[in-house]
Amino acid sequence: MKKLILACLLVMAPVAALAAGGKSCGKIECDAFDVDLHDKAALQRGAQVYMNYCMGCHALRYARYERTANDLGIPAEMVQGNLMFGDSKIGDLMQNALPDAQGKKWFGAAPPDLTLIARRRGPEWLYTYLHSFYVDPARPYGANNLVFPDVGMPHALYELQGQQVCKPAWKIAANGGIARDPVTYENLEDEHYPCGRVEHVAGTGQLTPEEYDRTVADLVSFLEYVGEPMQLERQRIGIFTMLFLLLLLIVAWMLNREYWKDVH
Ligand code: HEC
């Protein structure tokens, strides 16, 4: 029995380690971010941002307007009036009008469908990615990304966030020497490592940095929802299942005791 318990613990160890450690977002560590799928208002705001700023390039072709509207508690008329793309119908899949070939021609890579992106990349990655665009005149659309270097996507939320510039990861240490980047330990004087963090240029953008954080949080929460609309339901069923199994365990244990009572 002891061996069995030990084996179980050993099997679970890597999972625990994964859950504990900070995730890696390219060269930097991901920002911490927790999704709250119970916050319907946030999901609704996220859907709105998505439709306004992302849908033109990225379809959600494995989700339907109707289901999304029902799950998020948005009235159908409101979806039809404000959130739907082109002349789609409420029962349609959430498609856009950008053919892959055209996207490839314009951006170097076709914008991928984002229905399952939160499951592939994880919410922390998305949250950090949307905070990591910076001005880079060498790129076709003038923007680069620290988390996804040379990404084909322009900074879609530029008007909201404003300008961000790239800074070396190192800083001059307090003693006048050169400090190493605490995340990557990259040497300071390495010319090939000019960009280690992004810095917001104060006063640019329609939103304050805090408002922008919230907007991105809403957007990423929405993507997390779209990636698995059943998630809350699944967790609810899971709790009932565990309670049921517990009940069954008690009954089985009592029955077992009853059967063996006279055998001695
Ligand atoms: C003008 C078109 C355009 C808009 C608008 C746009 N994107 Fe993109 N996006 C792209 C392209 C093109 C790529 C593929 C880049 C590549 O592979 O180099 C991309 C890639 C991405 C990726 C990375 C996918 C991967 O492979 O992991 C994410 C995440 C993403 N976009 C999210 C968003 C979000 C969220 C919005 C809305 C705020 C948005 N995009 C708006 C064009 C766009």
# chains A, B, ... in the order shown; residues from 1 in each chain; ligands from 1
call {"tool": "residues_near_ligand", "arguments": {"ligand": "ligand 1", "cutoff": "8 Å", "atoms": "only C-alpha atoms and all ligand atoms", "output": "PyMOL selection string"}}
result
chain A and resi 49-50+52-58+103-104+106-112+114+117+120-121+126+129-130+148+150-157+219-220
call {"tool": "select_by_dssp", "arguments": {"residues": "region 20-257 of chain A", "states": "strand (DSSP E or B)", "output": "VMD selection string"}}
result
chain A and resid 24 to 25 28 to 29 60 to 64 93 to 94 133 to 135 143 to 145 164 to 167 172 178 197 to 200
call {"tool": "select_by_dssp", "arguments": {"residues": "region 72-108 of chain A", "states": "alpha helix (DSSP H)", "output": "mmCIF file with N, CA, C and O atoms, in the first residue's frame"}}
result
data_model
loop_
_atom_site.group_PDB
_atom_site.id
_atom_site.type_symbol
_atom_site.label_atom_id
_atom_site.label_comp_id
_atom_site.auth_asym_id
_atom_site.auth_seq_id
_atom_site.Cartn_x
_atom_site.Cartn_y
_atom_site.Cartn_z
ATOM 1 N N LEU A 72 -23.106 33.772 -22.329
ATOM 2 C CA LEU A 72 -22.624 35.004 -21.709
ATOM 3 C C LEU A 72 -23.773 35.889 -21.230
ATOM 4 O O LEU A 72 -23.548 36.958 -20.662
ATOM 5 N N ALA A 76 -30.167 38.185 -27.658
ATOM 6 C CA ALA A 76 -29.919 37.904 -29.077
ATOM 7 C C ALA A 76 -29.967 39.167 -29.933
ATOM 8 O O ALA A 76 -29.143 39.348 -30.828
ATOM 9 N N GLU A 77 -30.932 40.068 -29.634
ATOM 10 C CA GLU A 77 -31.055 41.279 -30.475
ATOM 11 C C GLU A 77 -29.791 42.130 -30.353
ATOM 12 O O GLU A 77 -29.341 42.741 -31.322
ATOM 13 N N MET A 78 -29.242 42.145 -29.155
ATOM 14 C CA MET A 78 -28.050 42.956 -28.941
ATOM 15 C C MET A 78 -26.879 42.379 -29.751
ATOM 16 O O MET A 78 -26.103 43.116 -30.358
ATOM 17 N N ASP A 100 -7.668 32.947 -46.133
ATOM 18 C CA ASP A 100 -6.309 32.658 -45.657
ATOM 19 C C ASP A 100 -5.238 33.176 -46.618
ATOM 20 O O ASP A 100 -4.234 33.744 -46.202
ATOM 21 N N ALA A 101 -5.480 32.961 -47.917
ATOM 22 C CA ALA A 101 -4.462 33.329 -48.904
ATOM 23 C C ALA A 101 -4.204 34.838 -48.853
ATOM 24 O O ALA A 101 -3.061 35.302 -48.911
ATOM 25 N N GLN A 102 -5.293 35.581 -48.715
ATOM 26 C CA GLN A 102 -5.171 37.040 -48.649
ATOM 27 C C GLN A 102 -4.397 37.452 -47.391
ATOM 28 O O GLN A 102 -3.504 38.294 -47.433
ATOM 29 N N GLY A 103 -4.743 36.809 -46.255
ATOM 30 C CA GLY A 103 -4.065 37.106 -44.995
ATOM 31 C C GLY A 103 -2.574 36.854 -45.117
ATOM 32 O O GLY A 103 -1.746 37.629 -44.644
ATOM 33 N N LYS A 104 -2.253 35.771 -45.779
ATOM 34 C CA LYS A 104 -0.838 35.406 -45.944
ATOM 35 C C LYS A 104 -0.111 36.463 -46.778
ATOM 36 O O LYS A 104 1.014 36.839 -46.472
ATOM 37 N N LYS A 105 -0.807 36.931 -47.799
ATOM 38 C CA LYS A 105 -0.203 37.933 -48.670
ATOM 39 C C LYS A 105 0.028 39.237 -47.896
ATOM 40 O O LYS A 105 1.067 39.873 -48.012
ATOM 41 N N TRP A 106 -0.942 39.622 -47.094
ATOM 42 C CA TRP A 106 -0.838 40.913 -46.400
ATOM 43 C C TRP A 106 0.109 40.869 -45.198
ATOM 44 O O TRP A 106 0.794 41.817 -44.900
ATOM 45 N N PHE A 107 0.040 39.762 -44.443
ATOM 46 C CA PHE A 107 0.764 39.766 -43.166
ATOM 47 C C PHE A 107 1.926 38.775 -43.111
ATOM 48 O O PHE A 107 2.564 38.619 -42.079
#
call {"tool": "residues_around", "arguments": {"residues": "Asp218 (chain A)", "least_positions_apart": "4", "cutoff": "9 Å", "atoms": "only C-alpha atoms", "output": "PyMOL selection string"}}
result
chain A and resi 35+41-47+49+213-214+222-223
call {"tool": "atom_distance", "arguments": {"atom1": "CA of Gly73 (chain A)", "atom2": "CA of His38 (chain A)"}}
result
11.7 Å
call {"tool": "residues_around", "arguments": {"residues": "Met51 (chain A)", "least_positions_apart": "5", "cutoff": "8 Å", "atoms": "only C-alpha atoms", "output": "list of chain:residue names"}}
result
A:Gly56, A:Leu83, A:Met84, A:Phe85
call {"tool": "atom_distance", "arguments": {"atom1": "CA of Gln161 (chain A)", "atom2": "CA of Glu228 (chain A)"}}
result
27.9 Å
call {"tool": "residues_around", "arguments": {"residues": "region 86-90 of chain A", "least_positions_apart": "3", "cutoff": "7 Å", "atoms": "only C-alpha atoms", "output": "ChimeraX atom specification"}}
result
/A:65-66,80
